[in-house]
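Colleague: A single structure is presented below for examination.
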Amino acid sequence: MTCEASKFVIDKGSDNTFTFTIKQDNSTLPLEIVAGDTFFATLMKLGTNEVFADIDNTSLTVEDAVNGKVSLYIPESLTANLITDRGDKVDRYYIRPTYKLILECSTQNNGNFIAKVPEVYVD
């Protein structure tokens, strides 16, 4: 039996806000975010690693410091320039991933680390 994980999808033509929970090392508990911690996002095209200039080193907003929540806001104006890739008609035009998202994190409680969303879809 397989269980399909949900896809990370950016919707074209609308504002998008994604919330991430930063976890402690080797734990499911959230990492408490303190003053001076920084989080940046970069969107890169799969295959070529070409950086999408509009989302390059974009600062994430701390939503809930105690519970380790940060958010990435992508306005409608930036989604218009994203590339959508679809399968063939015989396969019902399913969407294919076109990007990957890199989150660069620098925290007092966990040091510097990178988190990746390996497949980002645009619909």
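Labeling convention for the structure tokens: chains A, B, ... as they appear, residues from 1 per chain, ligands from 1 in order of appearance.
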Against segment 85-105 of chain A, which residues of segment 45-79 of chain A fall within 10 Å? For each one I want the closest pair of atoms and the distance in Å (one decimal), counting only C-alpha atoms, rows by chain and increasing residue number, as CSV.

Modeller:
```
residue,atom,partner,partner_atom,distance
A:Lys45,CA,A:Tyr99,CA,4.3
A:Leu46,CA,A:Tyr99,CA,4.9
A:Gly47,CA,A:Thr98,CA,8.6
A:Thr48,CA,A:Tyr99,CA,9.7
A:Asn49,CA,A:Tyr99,CA,8.5
A:Glu50,CA,A:Tyr99,CA,9.3
A:Val51,CA,A:Tyr99,CA,9.3
A:Phe52,CA,A:Tyr99,CA,8.9
A:Ile55,CA,A:Leu101,CA,9.4
A:Asp56,CA,A:Ile102,CA,9.5
A:Asn57,CA,A:Glu104,CA,8.4
A:Thr58,CA,A:Leu103,CA,9.3
A:Ser59,CA,A:Glu104,CA,9.6
A:Leu60,CA,A:Leu103,CA,9.0
A:Leu72,CA,A:Leu103,CA,9.9
```

Colleague: Output as a list in words all residues of chain A that backbone DSSP marks as helix (DSSP H, G or I).

Modeller: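 Selection result, helix (DSSP H, G or I) within chain A: Ala53, Asp54, Ile55, Glu76, Ser77, Leu78, Thr79, Lys89, Val90 and Asp91 of chain A.
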
Colleague: To one decimal place in Å, what is the distance between atom CA of Val66 of chain A and atom CA of Val34 of chain A?

Modeller: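 Atom CA of Val34 of chain A lies 8.3 Å from atom CA of Val66 of chain A.
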
Colleague: Mind the document's chain letters and residue numbers, and return as a VMD selection string the residues of segment 7-123 of chain A that DSSP labels strand (DSSP E).

Modeller: chain A and resid 8 to 10 16 to 21 38 to 45 58 to 59 61 to 64 69 to 74 85 to 86 95 to 107 111 to 122

Colleague: How many Å separate atom CA of Ser77 of chain A from atom CA of Val117 of chain A?

Modeller: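 One can read the atom CA of Ser77 of chain A to atom CA of Val117 of chain A distance as 22.2 Å.
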
Colleague: Show me, as a short mmCIF file (atom, residue, chain, number, x, y, z; two decimals) with N, CA and C atoms, in the first residue's frame, the residues that have an atom within 9 Å of Thr17 of chain A when counting only C-alpha atoms, minus same-chain residues fewer than 2 positions from it.

Modeller:
```
data_model
loop_
_atom_site.label_atom_id
_atom_site.label_comp_id
_atom_site.auth_asym_id
_atom_site.auth_seq_id
_atom_site.Cartn_x
_atom_site.Cartn_y
_atom_site.Cartn_z
N ASP A 15 -2.60 35.27 -4.92
CA ASP A 15 -1.59 35.40 -3.88
C ASP A 15 -1.42 34.04 -3.19
N THR A 19 3.16 28.33 4.96
CA THR A 19 3.68 28.36 6.32
C THR A 19 4.49 27.09 6.56
N SER A 71 6.62 32.07 7.35
CA SER A 71 5.80 32.00 6.14
C SER A 71 6.49 32.68 4.97
N LEU A 72 6.18 32.15 3.80
CA LEU A 72 6.66 32.69 2.53
C LEU A 72 5.45 33.22 1.78
N TYR A 73 5.50 34.48 1.42
CA TYR A 73 4.41 35.10 0.66
C TYR A 73 4.86 35.33 -0.77
N ILE A 74 4.07 34.83 -1.72
CA ILE A 74 4.34 35.04 -3.14
C ILE A 74 3.12 35.75 -3.72
N PRO A 75 3.27 37.04 -4.07
CA PRO A 75 2.12 37.78 -4.59
C PRO A 75 1.73 37.33 -6.00
#
```

Colleague: Can you list every residue of segment 28-86 of chain A that has an atom at most 8 Å from segment 8-13 of chain A, with its nearest atom pair and the distance in Å to one decimal, using only C-alpha atoms, ordered by chain then number, as a tab-separated table?

Modeller:
```
residue	atom	partner	partner_atom	distance
A:Glu76	CA	A:Gly13	CA	5.3
A:Ser77	CA	A:Gly13	CA	7.6
A:Thr79	CA	A:Lys12	CA	5.0
A:Ala80	CA	A:Lys12	CA	5.9
A:Leu82	CA	A:Lys12	CA	7.5
```

Colleague: Can those selected residues be exported to a file as a CSV table (one decimal), in the first residue's frame so that it contains C-alpha atoms?

Modeller:
```
chain,number,residue,atom,x,y,z
A,76,GLU,CA,-0.1,37.3,-7.6
A,77,SER,CA,2.2,39.5,-9.7
A,79,THR,CA,3.1,33.9,-10.0
A,80,ALA,CA,2.3,35.1,-13.6
A,82,LEU,CA,6.2,31.0,-13.3
```

Colleague: What does the distance from atom CA of Ala53 of chain A to atom CA of Ile22 of chain A come to in Å, to one decimal?

Modeller: 24.8 Å

Colleague: Identify, on the basis of only C-alpha atoms, every residue whose closest approach to Gln24 of chain A does not exceed 10 Å; exclude the query and any residue fewer than 5 positions from it along the same chain; express the result as a PyMOL selection string.

Modeller: chain A and resi 29-32+68+109-110
